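**Q** entry11.cif is the file, holding mmCIF, C-alpha atoms:
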```
data_protein
loop_
_atom_site.label_atom_id
_atom_site.label_comp_id
_atom_site.auth_asym_id
_atom_site.auth_seq_id
_atom_site.Cartn_x
_atom_site.Cartn_y
_atom_site.Cartn_z
CA MET A 1 0.00 0.00 0.00
CA LYS A 2 2.80 2.38 0.95
CA ARG A 3 4.55 1.60 -2.31
CA LEU A 4 1.41 2.43 -4.30
CA LEU A 5 1.09 5.75 -2.47
CA ILE A 6 4.68 6.60 -3.30
CA ILE A 7 4.16 5.71 -6.99
CA GLY A 8 0.89 7.66 -7.07
CA SER A 9 2.45 10.70 -5.44
CA SER A 10 5.38 10.56 -7.85
CA LEU A 11 3.09 10.37 -10.87
CA LEU A 12 1.01 13.27 -9.55
CA PHE A 13 4.15 15.32 -9.00
CA VAL A 14 5.33 14.65 -12.57
CA TYR A 15 1.87 15.50 -13.92
CA ILE A 16 1.72 18.81 -12.03
CA LEU A 17 5.29 19.66 -13.01
CA GLY A 18 4.44 18.99 -16.65
CA ALA A 19 1.32 21.15 -16.40
CA ILE A 20 3.32 24.04 -14.94
CA PHE A 21 5.96 23.66 -17.65
CA LEU A 22 3.41 23.66 -20.49
CA TYR A 23 1.43 26.55 -19.03
CA ALA A 24 4.51 28.70 -18.52
CA LEU A 25 6.05 27.97 -21.92
CA GLN A 26 2.93 27.71 -24.09
CA GLU A 27 3.85 30.85 -26.05
CA LYS A 28 7.06 29.12 -27.13
CA PHE A 29 5.01 26.31 -28.64
CA ILE A 30 2.35 28.52 -30.26
CA PHE A 31 4.36 31.48 -31.58
CA LEU A 32 7.38 30.41 -33.59
CA ASP A 33 8.29 33.99 -34.31
CA GLY A 34 11.43 35.59 -35.63
CA GLU A 35 12.31 39.25 -35.24
CA LEU A 36 13.82 41.46 -37.93
CA PRO A 37 15.92 44.60 -37.40
CA ALA A 38 13.99 47.84 -37.73
CA ASP A 39 16.01 48.83 -40.79
CA HIS A 40 15.36 45.59 -42.71
CA LEU A 41 14.39 46.24 -46.33
CA TYR A 42 11.75 43.98 -47.87
CA ALA A 43 12.22 42.76 -51.43
CA PHE A 44 9.20 41.50 -53.37
CA ASP A 45 8.36 41.28 -57.06
CA SER A 46 4.96 42.99 -56.71
CA LYS A 47 4.36 46.66 -56.01
CA HIS A 48 4.21 47.11 -52.27
CA GLU A 49 4.30 49.64 -49.47
CA GLU A 50 5.53 49.06 -45.93
CA ILE A 51 3.26 50.49 -43.25
CA ASN A 52 3.42 50.74 -39.47
CA LEU A 53 0.45 51.19 -37.16
CA THR A 54 0.71 52.18 -33.51
CA THR A 55 -1.67 50.53 -31.05
CA PRO A 56 -3.31 52.26 -28.05
CA ASP A 57 -0.82 50.52 -25.74
CA GLY A 58 2.11 51.86 -27.78
CA ALA A 59 3.05 48.74 -29.73
CA ASN A 60 4.34 49.05 -33.29
CA LEU A 61 2.74 46.75 -35.87
CA ASN A 62 4.49 46.28 -39.18
CA ALA A 63 2.73 45.27 -42.39
CA ILE A 64 3.06 45.13 -46.16
CA HIS A 65 0.36 46.49 -48.48
CA PHE A 66 0.63 44.93 -51.93
CA ARG A 67 -1.01 46.70 -54.88
CA ALA A 68 -2.38 45.05 -58.00
CA ASP A 69 -2.52 46.99 -61.27
CA SER A 70 -6.31 46.70 -61.43
CA ALA A 71 -7.58 45.44 -58.08
CA LYS A 72 -10.91 43.68 -57.57
CA GLY A 73 -10.68 44.39 -53.85
CA LEU A 74 -8.50 43.77 -50.81
CA ILE A 75 -7.45 40.56 -49.10
CA LEU A 76 -6.68 41.15 -45.41
CA TYR A 77 -4.41 38.19 -44.63
CA PHE A 78 -3.58 36.71 -41.21
CA HIS A 79 -0.65 34.32 -41.41
CA GLY A 80 0.42 31.19 -39.57
CA ASN A 81 2.57 30.84 -36.47
CA ARG A 82 5.97 30.38 -38.13
CA GLY A 83 8.01 33.00 -39.95
CA ASN A 84 7.58 36.71 -40.62
CA LEU A 85 6.78 38.95 -43.57
CA THR A 86 9.94 37.95 -45.44
CA ARG A 87 8.18 34.60 -45.90
CA TRP A 88 4.52 35.52 -45.86
CA GLY A 89 4.96 38.40 -48.28
CA LYS A 90 6.06 35.90 -50.91
CA VAL A 91 3.16 33.61 -50.03
CA VAL A 92 0.51 36.30 -50.59
CA GLU A 93 1.99 37.61 -53.83
CA ARG A 94 0.02 34.94 -55.68
CA PHE A 95 -3.16 36.82 -54.80
CA VAL A 96 -1.75 39.97 -56.40
CA LYS A 97 -1.46 37.92 -59.61
CA LEU A 98 -5.20 37.25 -59.26
CA ASP A 99 -5.77 41.04 -59.28
CA TYR A 100 -6.20 41.65 -55.56
CA ASP A 101 -4.51 44.11 -53.26
CA VAL A 102 -3.22 42.33 -50.14
CA LEU A 103 -2.59 43.69 -46.65
CA VAL A 104 -0.61 41.31 -44.43
CA MET A 105 0.65 42.16 -40.94
CA ASP A 106 3.18 40.61 -38.61
CA TYR A 107 1.93 39.76 -35.11
CA ARG A 108 3.67 41.17 -32.05
CA GLY A 109 7.09 39.59 -31.74
CA TYR A 110 7.28 38.74 -35.45
CA GLY A 111 9.44 40.63 -37.92
CA LYS A 112 9.48 44.33 -37.08
CA SER A 113 6.31 44.22 -34.97
CA ARG A 114 6.91 44.86 -31.29
CA GLY A 115 4.88 44.91 -28.07
CA GLU A 116 3.58 42.81 -25.22
CA ARG A 117 1.50 39.89 -26.46
CA SER A 118 -1.81 38.44 -25.25
CA MET A 119 -4.86 36.95 -26.94
CA GLU A 120 -6.89 40.09 -26.23
CA LEU A 121 -4.19 42.33 -27.70
CA LEU A 122 -3.84 40.18 -30.83
CA LEU A 123 -7.56 40.50 -31.48
CA LYS A 124 -7.42 44.25 -30.92
CA ASP A 125 -4.52 44.43 -33.38
CA ALA A 126 -6.63 42.63 -35.97
CA GLU A 127 -9.44 45.12 -35.35
CA LEU A 128 -6.98 47.97 -35.88
CA PHE A 129 -5.98 46.63 -39.28
CA TYR A 130 -9.59 46.02 -40.26
CA SER A 131 -10.33 49.67 -39.47
CA HIS A 132 -7.29 50.67 -41.53
CA ALA A 133 -8.62 48.58 -44.43
CA LEU A 134 -12.04 50.21 -44.14
CA SER A 135 -10.44 53.63 -44.45
CA GLN A 136 -9.38 52.69 -48.01
CA TYR A 137 -11.86 50.07 -49.24
CA PRO A 138 -15.63 49.54 -49.05
CA GLU A 139 -16.44 46.66 -46.71
CA ASN A 140 -18.03 44.67 -49.55
CA GLU A 141 -14.62 44.63 -51.28
CA ILE A 142 -12.73 43.18 -48.30
CA THR A 143 -11.92 39.46 -48.16
CA LEU A 144 -10.65 38.07 -44.87
CA TYR A 145 -8.10 35.27 -45.22
CA GLY A 146 -6.69 33.21 -42.36
CA ARG A 147 -4.07 30.50 -42.50
CA SER A 148 -3.47 28.05 -39.65
CA LEU A 149 -3.02 30.17 -36.49
CA GLY A 150 -4.49 33.16 -38.33
CA THR A 151 -7.78 31.37 -39.05
CA GLY A 152 -9.03 32.02 -35.52
CA ILE A 153 -8.19 35.73 -35.78
CA ALA A 154 -9.81 36.06 -39.21
CA SER A 155 -12.90 34.19 -37.94
CA TRP A 156 -13.18 36.57 -34.98
CA LEU A 157 -13.21 39.54 -37.33
CA ALA A 158 -15.78 37.91 -39.59
CA GLY A 159 -18.06 37.35 -36.61
CA GLY A 160 -18.04 41.04 -35.73
CA HIS A 161 -18.12 42.61 -39.20
CA ASN A 162 -19.58 42.10 -42.64
CA PRO A 163 -16.77 41.48 -45.15
CA LYS A 164 -17.38 40.11 -48.63
CA ARG A 165 -16.14 36.65 -47.70
CA LEU A 166 -13.92 34.64 -45.35
CA ILE A 167 -11.34 32.13 -46.59
CA LEU A 168 -9.78 29.72 -44.09
CA GLU A 169 -6.78 27.56 -44.96
CA THR A 170 -6.11 24.62 -42.60
CA PRO A 171 -8.37 25.98 -39.82
CA TYR A 172 -9.13 24.61 -36.38
CA TYR A 173 -12.44 24.24 -34.58
CA SER A 174 -10.71 25.79 -31.58
CA LEU A 175 -7.03 26.10 -30.73
CA ALA A 176 -7.65 24.09 -27.55
CA SER A 177 -8.82 21.14 -29.64
CA VAL A 178 -5.47 21.16 -31.46
CA ALA A 179 -3.51 21.42 -28.20
CA GLN A 180 -5.54 18.53 -26.78
CA ARG A 181 -4.34 16.37 -29.64
CA PHE A 182 -0.70 16.89 -28.68
CA TYR A 183 -1.19 16.96 -24.90
CA PRO A 184 -4.24 14.74 -24.28
CA ILE A 185 -3.71 14.34 -20.52
CA TYR A 186 -3.99 18.08 -19.81
CA PRO A 187 -7.18 20.24 -19.75
CA SER A 188 -6.39 22.52 -22.71
CA ASN A 189 -9.69 24.41 -22.54
CA TRP A 190 -8.79 25.58 -19.05
CA ALA A 191 -5.03 26.05 -19.37
CA LEU A 192 -4.63 27.59 -22.82
CA ARG A 193 -4.26 31.38 -22.71
CA TYR A 194 -4.70 31.65 -26.48
CA ASN A 195 -7.82 29.59 -27.04
CA PHE A 196 -9.12 31.08 -30.26
CA GLN A 197 -12.59 29.56 -30.70
CA SER A 198 -13.39 29.75 -34.38
CA PHE A 199 -16.63 27.82 -34.08
CA LYS A 200 -17.93 30.35 -31.57
CA TYR A 201 -16.89 33.43 -33.57
CA LEU A 202 -18.52 32.18 -36.77
CA LYS A 203 -21.93 31.80 -35.17
CA THR A 204 -22.42 35.52 -35.81
CA ALA A 205 -20.72 35.71 -39.21
CA LYS A 206 -22.91 36.86 -42.10
CA CYS A 207 -20.50 36.35 -45.00
CA SER A 208 -19.77 33.20 -46.98
CA VAL A 209 -17.05 30.97 -45.49
CA HIS A 210 -14.70 28.89 -47.64
CA ILE A 211 -12.66 26.23 -45.79
CA PHE A 212 -9.64 24.48 -47.31
CA HIS A 213 -8.23 21.44 -45.55
CA GLY A 214 -5.99 18.55 -46.54
CA THR A 215 -6.85 15.01 -45.57
CA GLU A 216 -3.27 14.32 -44.44
CA ASP A 217 -2.79 17.44 -42.31
CA GLU A 218 -0.26 16.50 -39.64
CA VAL A 219 -0.72 19.64 -37.50
CA VAL A 220 -4.42 20.50 -37.54
CA PRO A 221 -6.31 17.30 -38.37
CA TYR A 222 -8.77 17.30 -41.26
CA LYS A 223 -11.59 16.43 -38.87
CA SER A 224 -11.06 19.77 -37.09
CA GLY A 225 -11.72 21.75 -40.27
CA LYS A 226 -14.66 19.50 -41.12
CA ARG A 227 -16.10 19.94 -37.65
CA LEU A 228 -15.82 23.71 -38.04
CA HIS A 229 -17.59 23.52 -41.40
CA GLU A 230 -20.41 21.46 -39.88
CA SER A 231 -20.85 23.98 -37.04
CA ILE A 232 -21.67 26.79 -39.51
CA PRO A 233 -25.30 27.16 -40.69
CA ASN A 234 -26.15 25.22 -43.85
CA GLY A 235 -25.36 26.98 -47.08
CA GLN A 236 -23.03 29.56 -45.56
CA SER A 237 -19.90 27.39 -45.50
CA GLN A 238 -18.09 25.55 -48.27
CA LEU A 239 -15.59 22.79 -47.43
CA ILE A 240 -12.96 22.17 -50.09
CA THR A 241 -11.25 18.88 -49.28
CA VAL A 242 -7.74 18.50 -50.68
CA GLU A 243 -7.07 14.79 -50.92
CA GLY A 244 -3.54 14.02 -49.74
CA GLY A 245 -2.91 17.62 -48.73
CA GLN A 246 -0.82 18.33 -45.65
CA HIS A 247 -0.58 21.42 -43.47
CA LYS A 248 1.92 23.43 -45.52
CA ASN A 249 1.52 22.26 -49.10
CA LEU A 250 -2.07 22.86 -50.22
CA VAL A 251 -0.87 25.29 -52.89
CA ASP A 252 0.85 22.36 -54.62
CA PHE A 253 -2.55 20.83 -55.41
CA GLU A 254 -4.65 21.79 -58.42
CA ALA A 255 -7.81 21.30 -56.34
CA PHE A 256 -6.69 24.14 -54.09
CA ARG A 257 -5.47 26.47 -56.83
CA SER A 258 -8.53 26.09 -59.03
CA ALA A 259 -10.95 26.55 -56.12
CA ILE A 260 -9.15 29.74 -54.97
CA GLN A 261 -9.30 31.14 -58.49
CA GLU A 262 -13.02 30.32 -58.71
CA ILE A 263 -13.80 31.98 -55.37
CA LEU A 264 -11.80 35.11 -56.22
CA LYS A 265 -12.72 35.41 -59.91
#
```
Starting from the file, lay out its structure as C-alpha cells.

**A**
Amino acid sequence: MKRLLIIGSSLLFVYILGAIFLYALQEKFIFLDGELPADHLYAFDSKHEEINLTTPDGANLNAIHFRADSAKGLILYFHGNRGNLTRWGKVVERFVKLDYDVLVMDYRGYGKSRGERSMELLLKDAELFYSHALSQYPENEITLYGRSLGTGIASWLAGGHNPKRLILETPYYSLASVAQRFYPIYPSNWALRYNFQSFKYLKTAKCSVHIFHGTEDEVVPYKSGKRLHESIPNGQSQLITVEGGQHKNLVDFEAFRSAIQEILK
C-alpha cells in the first residue's frame, strides 16, 4: 500500500510539473516567431508599401500592403505561427497575380512588430488593421483570409463585421482542440491562454465561409476543419477537401489552386 502511495504521489508530481511547464512555456510552442531589425528592407516582385500602425498601448505593428494593377478588392491576410513577412509576403503575392490588393501584418514579436502579447491584444490588433482597411476600401470589397493560427483571428473579425467573404486555410475548430491532440492528458480548454474559438466566432458571421483542408494534415487534423464547417449554418460554408494535402503544401494541389481562383474570380 505504501509503495502504491509513493508511486501515485510521484506520478502526480510529474503531472503537475508537466502542467506548470506547459502553461509557462505555451507561447514558445504557439508562436514560432522571428524578429527582424527595424532597418530591414523587404524585397518582393509585386508593387508594395511598408506600413506601421501604432496601437493604443504603444506597440508598433508592421505590415506590407501589396497593390495590383487593377484590383478587384482587398485581401486582409492573417498568417500562420511560423516566420515573418519575409516569408509571408512571398506567399501572398500569388493573390496579387489574381488582381487583388493584399494587406498582411506581422503579429507582435514577429518581424518588425513589437509589443507585449496576449490573446486580447492580438484581437485588438486585428481590429486595428480592419479599421485601416475600411479607411481605403468599401467593406463589400474586403476578403478576410486566415491561414493556420491566423484562421481564428480572421474568424473573430468575420463574426463582428460584414466582409465580402472569409477564406480559411487549414483551420481549427478551436485552438484548444489542437492542443488537446498533442497533450491529451492536460485540460487545454482551461489552461490555454490563447484559445481562439473559431466555431464560436462564426456563429455571428454573415459572409460566406470557404474552408480548405488537406486530408493528411499532420498539425491541424482534417476532422477539425470538417467539424468547423459542420458547425456553420447550412449553405453559408463551403468545405474544399484537398485529398492528400498536408498542413503546408495545399498550394501544390490543383484542387486548391482552381478553387481559390473560382472563389476570387

**Q** Need the shell around A:Gly146: protein/DNA/RNA residues with any atom at most 9 Å away, counting all atoms listed in the file. Skip same-chain ones fewer than 6 positions apart. Format as a list in words?

**A**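 The filter keeps Leu76, Tyr77, Phe78, His79, Gly80, Gly152, Ile153, Ala154, Ser155, Leu166, Ile167, Leu168, Glu169, Thr170 and Pro171 of chain A.
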
**Q** May I have the residues from that selection written out with C-alpha atoms, as a CSV table (one decimal), in the frame of the given file?

**A**
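Generated file (result_11.csv):
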```
chain,number,residue,atom,x,y,z
A,76,LEU,CA,-6.7,41.2,-45.4
A,77,TYR,CA,-4.4,38.2,-44.6
A,78,PHE,CA,-3.6,36.7,-41.2
A,79,HIS,CA,-0.6,34.3,-41.4
A,80,GLY,CA,0.4,31.2,-39.6
A,152,GLY,CA,-9.0,32.0,-35.5
A,153,ILE,CA,-8.2,35.7,-35.8
A,154,ALA,CA,-9.8,36.1,-39.2
A,155,SER,CA,-12.9,34.2,-37.9
A,166,LEU,CA,-13.9,34.6,-45.4
A,167,ILE,CA,-11.3,32.1,-46.6
A,168,LEU,CA,-9.8,29.7,-44.1
A,169,GLU,CA,-6.8,27.6,-45.0
A,170,THR,CA,-6.1,24.6,-42.6
A,171,PRO,CA,-8.4,26.0,-39.8
```

**Q** Counting only C-alpha atoms, select every polymer residue within 12 Å of (-10.0, 37.8, -47.7) as defined in the file's coordinates, and provide the selection as a ChimeraX atom specification.

**A** /A:72-79,92,95,100-104,130,133,139-147,150-151,154-155,157-158,162-169,207-210,260,263-264

**Q** Give me, please, the distance in Å between atom CA of A:Glu120 and atom CA of A:Arg193, quoted to one decimal.

**A**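 Computing it gives 9.8 Å between the two atoms.
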
**Q** Of the candidates A:Gln261, A:Thr86, A:Ser46, A:Asn52, which shows the shortest atom-to-atom distance to A:Arg67, using all atoms listed in the file?

**A** A:Ser46

**Q** Using the chain letters and residue numbers of this document, give as a PyMOL selection string the residues selected by the PyMOL selection byres ((chain A and resi 106) around 8).

**A** chain A and resi 61-63+79+84-85+104-105+107-113

**Q** Please list, as an mmCIF file with C-alpha atoms, in the coordinates of the input, the residues that have an atom at most 12 Å away from (-5.3, 39.8, -25.6) in the coordinates of this file, counting all atoms listed in the file.

**A**
```cif
data_model
loop_
_atom_site.group_PDB
_atom_site.id
_atom_site.type_symbol
_atom_site.label_atom_id
_atom_site.label_comp_id
_atom_site.auth_asym_id
_atom_site.auth_seq_id
_atom_site.Cartn_x
_atom_site.Cartn_y
_atom_site.Cartn_z
ATOM 1 C CA ASP A 57 -0.820 50.520 -25.740
ATOM 2 C CA TYR A 107 1.930 39.760 -35.110
ATOM 3 C CA ARG A 108 3.670 41.170 -32.050
ATOM 4 C CA GLY A 115 4.880 44.910 -28.070
ATOM 5 C CA GLU A 116 3.580 42.810 -25.220
ATOM 6 C CA ARG A 117 1.500 39.890 -26.460
ATOM 7 C CA SER A 118 -1.810 38.440 -25.250
ATOM 8 C CA MET A 119 -4.860 36.950 -26.940
ATOM 9 C CA GLU A 120 -6.890 40.090 -26.230
ATOM 10 C CA LEU A 121 -4.190 42.330 -27.700
ATOM 11 C CA LEU A 122 -3.840 40.180 -30.830
ATOM 12 C CA LEU A 123 -7.560 40.500 -31.480
ATOM 13 C CA LYS A 124 -7.420 44.250 -30.920
ATOM 14 C CA ASP A 125 -4.520 44.430 -33.380
ATOM 15 C CA ALA A 126 -6.630 42.630 -35.970
ATOM 16 C CA GLU A 127 -9.440 45.120 -35.350
ATOM 17 C CA ILE A 153 -8.190 35.730 -35.780
ATOM 18 C CA ARG A 193 -4.260 31.380 -22.710
ATOM 19 C CA TYR A 194 -4.700 31.650 -26.480
ATOM 20 C CA ASN A 195 -7.820 29.590 -27.040
ATOM 21 C CA PHE A 196 -9.120 31.080 -30.260
#
```

**Q** Of the candidates A:Gly160, A:Val178, A:Ile240, A:Asn249, which shows the shortest atom-to-atom distance to A:Val220, using all atoms listed in the file?

**A**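 So, comparing all the options, the nearest one is A:Val178.
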
**Q** Interatomic distance between atom CA of A:Lys248 and atom CA of A:Ser198?

**A**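 Straight-line distance from atom CA of A:Lys248 to atom CA of A:Ser198 works out to 20.0 Å.
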
**Q** Quote the spacing between atom CA of A:Ile64 and atom CA of A:Leu202 in Å to one decimal place.

**A**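 Between atom CA of A:Ile64 and atom CA of A:Leu202 the gap is 26.9 Å.
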
**Q** Considering only C-alpha atoms, return as a count of residues only whatever protein or nucleic-acid residues lie within 10 Å of A:His229, sequence-local ones (same chain, fewer than 4 positions apart) excluded.

**A** 19
